[in-house]
Amino acid sequence: MSGTTEGRDRVDEQVRQRVRVRVPAKVNAQLAVGGARPDGFHDLANVFLAVGLYDEVTVAPGPAGEGPLITCTGPDSAQVPLDATNLAARAAVALAGRHGIAPDVRIHIAKDIPVAGGMAGGSADGAGALLACDTLWGLATPRDELLAICAGLGSDVPFSLLGGAALGTGRGERLTALPVGGTFHWVFAVAEEGLSTPRVFQEFDRLTGGTEVPAPAAAPALLAALRDGDAPALAKALANDLQRAALTLRPALAKTLATGTAAGALAALATASGPTTAFLTKDGAGAHLVAEALRASGTCRTTRVAAGPAPGAAVLAEPAGEPVS
């Protein structure tokens with residue numbers, strides 16, 4: 001590309017430093033799923049809400065010629081791939097390729113978003129690495145270009161960059177920001193094992209085979225509840241077309257959902273493809289009561305309390321002049 005030499009010069013001029021980005025988890029207030037497309041994907045109407053559980057992605061210059069080097073710490077970090085398949089590594093490679101530079105960075109992921117839990121933890125890491133590398137390399141890539149790179153990495157990655165609340169269409173990557181008129185309080189019950197998103201979609205296809213699957217659309221009542229900050233109204237409108245498939249593959253999730261509802265949650269549902277389950281509560285105090293009941297029930301491995309909407313990927317620190325070995 002025409003800016004190749006200029007791009008290298010910008011990187012060479014950068015003070016060697018680390019850049020740390022915080023990026024949120026998400027919950028799907030609505031996940032409407034259409035039938036399988038010829039390309040194997042499904043059209044979606046996906047109402048995303050970012051919540052205050054965060055991964056932190058730190059990038060620093062790495063050894064020349066070795067490309068992205070990934071490390072990871074935090075809960076369930078042993079399940080996170082540390083090779084080129086990691087979305088953080090792929091984000092660095094994609095951004096570097098667009099600007100004609102080498103993707104020689106060290107990327108450290110501090111996990112706090114549940115792994116393989118349907119809360120977009122991997123997508124968050126991809127968005128976080130993209131923003132961190134763009135900042136480290138001084139590229140100032142326009143936001144629409146960053147979102148385009150995100151869309152190429154995965155359906156949930158653009159929302160991880162954007163945050164707040166949004167309606168995702170297409171595969172979920174085409175975003176329209178949504179107004180939110182208040183704070184919504186959630187409890188997340190983390191299951192013992194993850195669920196494969198492709199496997200859940202395959203089960204959805206099996207369960208809906210031979211039937212006409214309606215075109216996905218966001219529910220007006222749900223959008224109004226978000227806009228008005230009305231938790232009881234939102235509770236009535238929450239929906240996840242993948243929940244039946246997730247429960248078929250993991251029947252024990254039904255007991256978790258029932259436990260949280262009995263403990264006072266306004267509503268309960270699986271988060272996207274699961275197996276994390278989400279419970280909307282009236283307020284923060286109610287969230288802690290529901291979380292306590294879920295932990296005591298033994299129906300989940302652990303619980304997390306968070307509120308939304310939360311901001312998207314954001315640079316936290318750029319300590320200049322720190323040498324990197």
# chains A, B, ... in the order shown; residues from 1 in each chain; ligands from 1
$ residues_around --residues "stretch 21-27 of chain A" --least-positions-apart "4" --cutoff "9 Å" --atoms "only C-alpha atoms" --output "VMD selection string"
chain A and resid 47 to 59 113 to 114 118 to 121 123 to 125 127 to 129 131 to 132 159 to 161 163 271 to 272 278 308 to 317
$ closest_atom_pairs --of "stretch 150-246 of chain A" --to "stretch 279-293 of chain A" --cutoff "12 Å" --atoms "only C-alpha atoms" --output "Markdown table"
| residue | atom | partner | partner_atom | distance |
| --- | --- | --- | --- | --- |
| A:Gly182 | CA | A:Asp283 | CA | 11.2 |
| A:Thr183 | CA | A:Asp283 | CA | 8.7 |
| A:Phe184 | CA | A:Leu280 | CA | 7.3 |
| A:His185 | CA | A:Thr281 | CA | 5.6 |
| A:Trp186 | CA | A:Leu280 | CA | 4.7 |
| A:Val187 | CA | A:Phe279 | CA | 5.0 |
| A:Phe188 | CA | A:Phe279 | CA | 6.4 |
| A:Ala189 | CA | A:Ala291 | CA | 7.7 |
| A:Val190 | CA | A:Ala291 | CA | 10.8 |
| A:Gly229 | CA | A:Lys282 | CA | 11.1 |
| A:Asp230 | CA | A:Lys282 | CA | 9.4 |
| A:Ala231 | CA | A:Lys282 | CA | 6.4 |
| A:Pro232 | CA | A:Lys282 | CA | 7.3 |
| A:Ala233 | CA | A:Lys282 | CA | 10.8 |
| A:Leu234 | CA | A:Leu280 | CA | 8.6 |
| A:Ala235 | CA | A:Leu280 | CA | 6.7 |
| A:Lys236 | CA | A:Leu280 | CA | 10.4 |
| A:Ala237 | CA | A:Leu280 | CA | 11.4 |
| A:Leu238 | CA | A:Leu280 | CA | 9.3 |
$ residues_around --residues "A:Gly35" --least-positions-apart "6" --cutoff "12 Å" --atoms "only C-alpha atoms" --output "VMD selection string"
chain A and resid 41 to 44 171 201 to 202 204 to 216 241 to 242
$ select_by_dssp --residues "stretch 99-309 of chain A" --states "strand (DSSP E)" --output "MDAnalysis selection string"
chainID A and resid 105:110 165:169 174:177 184:190 239:240 267:270 277:281 302:308
$ residues_around --residues "stretch 67-82 of chain A" --least-positions-apart "3" --cutoff "10 Å" --atoms "only C-alpha atoms" --output "VMD selection string"
chain A and resid 55 57 to 64 85 to 93 96 102 to 116 121 to 122 194
$ atom_distance --atom1 "atom CA of A:Asp228" --atom2 "atom CA of A:Asp156"
25.0 Å
$ closest_residue --among "A:Leu175, A:Leu269, A:Leu130, A:Val180" --to "A:Leu31" --atoms "only C-alpha atoms"
A:Leu269
$ select_by_dssp --residues "stretch 33-137 of chain A" --states "alpha helix (DSSP H)" --output "list in words"
Leu87, Ala88, Ala89, Arg90, Ala91, Ala92, Val93, Ala94, Leu95, Ala96, Gly97, Arg98, His99, Gly121, Gly122, Ser123, Ala124, Asp125, Gly126, Ala127, Gly128, Ala129, Leu130, Leu131, Ala132, Cys133, Asp134, Thr135 and Leu136 of chain A
$ atom_distance --atom1 "atom CA of A:Ala296" --atom2 "atom CA of A:Arg244"
25.5 Å
$ atom_distance --atom1 "atom CA of A:Val305" --atom2 "atom CA of A:Ala217"
28.8 Å
$ decode --residues "stretch 246-257 of chain A" --atoms "all heavy atoms" --output "PDB file, in the first residue's frame"
ATOM      1  N   ALA A 246     -28.786 -24.600  23.842  1.00  0.00           N
ATOM      2  CA  ALA A 246     -27.824 -24.686  24.938  1.00  0.00           C
ATOM      3  C   ALA A 246     -28.332 -25.620  26.032  1.00  0.00           C
ATOM      4  O   ALA A 246     -27.572 -26.422  26.599  1.00  0.00           O
ATOM      5  CB  ALA A 246     -27.541 -23.296  25.500  1.00  0.00           C
ATOM      6  N   LEU A 247     -29.620 -25.538  26.346  1.00  0.00           N
ATOM      7  CA  LEU A 247     -30.184 -26.396  27.386  1.00  0.00           C
ATOM      8  C   LEU A 247     -30.244 -27.854  26.935  1.00  0.00           C
ATOM      9  O   LEU A 247     -30.122 -28.770  27.757  1.00  0.00           O
ATOM     10  CB  LEU A 247     -31.576 -25.907  27.768  1.00  0.00           C
ATOM     11  CG  LEU A 247     -31.642 -24.596  28.546  1.00  0.00           C
ATOM     12  CD1 LEU A 247     -33.082 -24.148  28.712  1.00  0.00           C
ATOM     13  CD2 LEU A 247     -30.975 -24.720  29.898  1.00  0.00           C
ATOM     14  N   THR A 248     -30.424 -28.083  25.657  1.00  0.00           N
ATOM     15  CA  THR A 248     -30.409 -29.462  25.153  1.00  0.00           C
ATOM     16  C   THR A 248     -29.025 -30.074  25.328  1.00  0.00           C
ATOM     17  O   THR A 248     -28.889 -31.245  25.728  1.00  0.00           O
ATOM     18  CB  THR A 248     -30.829 -29.489  23.671  1.00  0.00           C
ATOM     19  OG1 THR A 248     -32.139 -28.929  23.532  1.00  0.00           O
ATOM     20  CG2 THR A 248     -30.842 -30.923  23.136  1.00  0.00           C
ATOM     21  N   LEU A 249     -28.006 -29.287  25.043  1.00  0.00           N
ATOM     22  CA  LEU A 249     -26.636 -29.783  25.188  1.00  0.00           C
ATOM     23  C   LEU A 249     -26.189 -29.828  26.642  1.00  0.00           C
ATOM     24  O   LEU A 249     -25.347 -30.647  27.008  1.00  0.00           O
ATOM     25  CB  LEU A 249     -25.684 -28.887  24.388  1.00  0.00           C
ATOM     26  CG  LEU A 249     -25.872 -28.904  22.868  1.00  0.00           C
ATOM     27  CD1 LEU A 249     -25.013 -27.825  22.216  1.00  0.00           C
ATOM     28  CD2 LEU A 249     -25.528 -30.276  22.289  1.00  0.00           C
ATOM     29  N   ARG A 250     -26.726 -28.948  27.467  1.00  0.00           N
ATOM     30  CA  ARG A 250     -26.336 -28.867  28.872  1.00  0.00           C
ATOM     31  C   ARG A 250     -27.597 -28.744  29.739  1.00  0.00           C
ATOM     32  O   ARG A 250     -27.928 -27.662  30.218  1.00  0.00           O
ATOM     33  CB  ARG A 250     -25.414 -27.672  29.083  1.00  0.00           C
ATOM     34  CG  ARG A 250     -24.659 -27.657  30.397  1.00  0.00           C
ATOM     35  CD  ARG A 250     -23.617 -28.752  30.495  1.00  0.00           C
ATOM     36  NE  ARG A 250     -22.653 -28.680  29.427  1.00  0.00           N
ATOM     37  CZ  ARG A 250     -21.622 -27.820  29.380  1.00  0.00           C
ATOM     38  NH1 ARG A 250     -21.439 -26.970  30.374  1.00  0.00           N
ATOM     39  NH2 ARG A 250     -20.790 -27.840  28.364  1.00  0.00           N
ATOM     40  N   PRO A 251     -28.331 -29.850  29.944  1.00  0.00           N
ATOM     41  CA  PRO A 251     -29.615 -29.787  30.665  1.00  0.00           C
ATOM     42  C   PRO A 251     -29.503 -29.216  32.079  1.00  0.00           C
ATOM     43  O   PRO A 251     -30.475 -28.635  32.583  1.00  0.00           O
ATOM     44  CB  PRO A 251     -30.069 -31.256  30.702  1.00  0.00           C
ATOM     45  CG  PRO A 251     -29.378 -31.895  29.547  1.00  0.00           C
ATOM     46  CD  PRO A 251     -28.051 -31.199  29.437  1.00  0.00           C
ATOM     47  N   ALA A 252     -28.343 -29.342  32.723  1.00  0.00           N
ATOM     48  CA  ALA A 252     -28.193 -28.851  34.094  1.00  0.00           C
ATOM     49  C   ALA A 252     -28.374 -27.344  34.191  1.00  0.00           C
ATOM     50  O   ALA A 252     -28.662 -26.812  35.280  1.00  0.00           O
ATOM     51  CB  ALA A 252     -26.823 -29.241  34.641  1.00  0.00           C
ATOM     52  N   LEU A 253     -28.247 -26.631  33.072  1.00  0.00           N
ATOM     53  CA  LEU A 253     -28.420 -25.180  33.105  1.00  0.00           C
ATOM     54  C   LEU A 253     -29.843 -24.791  33.503  1.00  0.00           C
ATOM     55  O   LEU A 253     -30.066 -23.704  34.047  1.00  0.00           O
ATOM     56  CB  LEU A 253     -28.082 -24.567  31.743  1.00  0.00           C
ATOM     57  CG  LEU A 253     -26.615 -24.665  31.297  1.00  0.00           C
ATOM     58  CD1 LEU A 253     -26.451 -24.074  29.908  1.00  0.00           C
ATOM     59  CD2 LEU A 253     -25.700 -23.971  32.293  1.00  0.00           C
ATOM     60  N   ALA A 254     -30.805 -25.664  33.243  1.00  0.00           N
ATOM     61  CA  ALA A 254     -32.194 -25.356  33.609  1.00  0.00           C
ATOM     62  C   ALA A 254     -32.332 -25.166  35.111  1.00  0.00           C
ATOM     63  O   ALA A 254     -33.072 -24.284  35.582  1.00  0.00           O
ATOM     64  CB  ALA A 254     -33.123 -26.469  33.120  1.00  0.00           C
ATOM     65  N   LYS A 255     -31.615 -25.971  35.897  1.00  0.00           N
ATOM     66  CA  LYS A 255     -31.673 -25.835  37.350  1.00  0.00           C
ATOM     67  C   LYS A 255     -31.037 -24.534  37.803  1.00  0.00           C
ATOM     68  O   LYS A 255     -31.524 -23.872  38.729  1.00  0.00           O
ATOM     69  CB  LYS A 255     -30.993 -27.025  38.014  1.00  0.00           C
ATOM     70  CG  LYS A 255     -31.159 -27.057  39.530  1.00  0.00           C
ATOM     71  CD  LYS A 255     -30.595 -28.333  40.131  1.00  0.00           C
ATOM     72  CE  LYS A 255     -30.817 -28.358  41.645  1.00  0.00           C
ATOM     73  NZ  LYS A 255     -30.256 -29.603  42.248  1.00  0.00           N
ATOM     74  N   THR A 256     -29.955 -24.132  37.155  1.00  0.00           N
ATOM     75  CA  THR A 256     -29.323 -22.851  37.483  1.00  0.00           C
ATOM     76  C   THR A 256     -30.277 -21.703  37.224  1.00  0.00           C
ATOM     77  O   THR A 256     -30.432 -20.794  38.059  1.00  0.00           O
ATOM     78  CB  THR A 256     -28.036 -22.666  36.660  1.00  0.00           C
ATOM     79  OG1 THR A 256     -27.223 -23.827  36.744  1.00  0.00           O
ATOM     80  CG2 THR A 256     -27.253 -21.460  37.140  1.00  0.00           C
ATOM     81  N   LEU A 257     -30.936 -21.727  36.055  1.00  0.00           N
ATOM     82  CA  LEU A 257     -31.887 -20.670  35.719  1.00  0.00           C
ATOM     83  C   LEU A 257     -33.020 -20.617  36.735  1.00  0.00           C
ATOM     84  O   LEU A 257     -33.417 -19.531  37.187  1.00  0.00           O
ATOM     85  CB  LEU A 257     -32.439 -20.905  34.312  1.00  0.00           C
ATOM     86  CG  LEU A 257     -31.435 -20.738  33.158  1.00  0.00           C
ATOM     87  CD1 LEU A 257     -32.027 -21.288  31.866  1.00  0.00           C
ATOM     88  CD2 LEU A 257     -31.036 -19.288  32.982  1.00  0.00           C
TER      89      LEU A 257
END
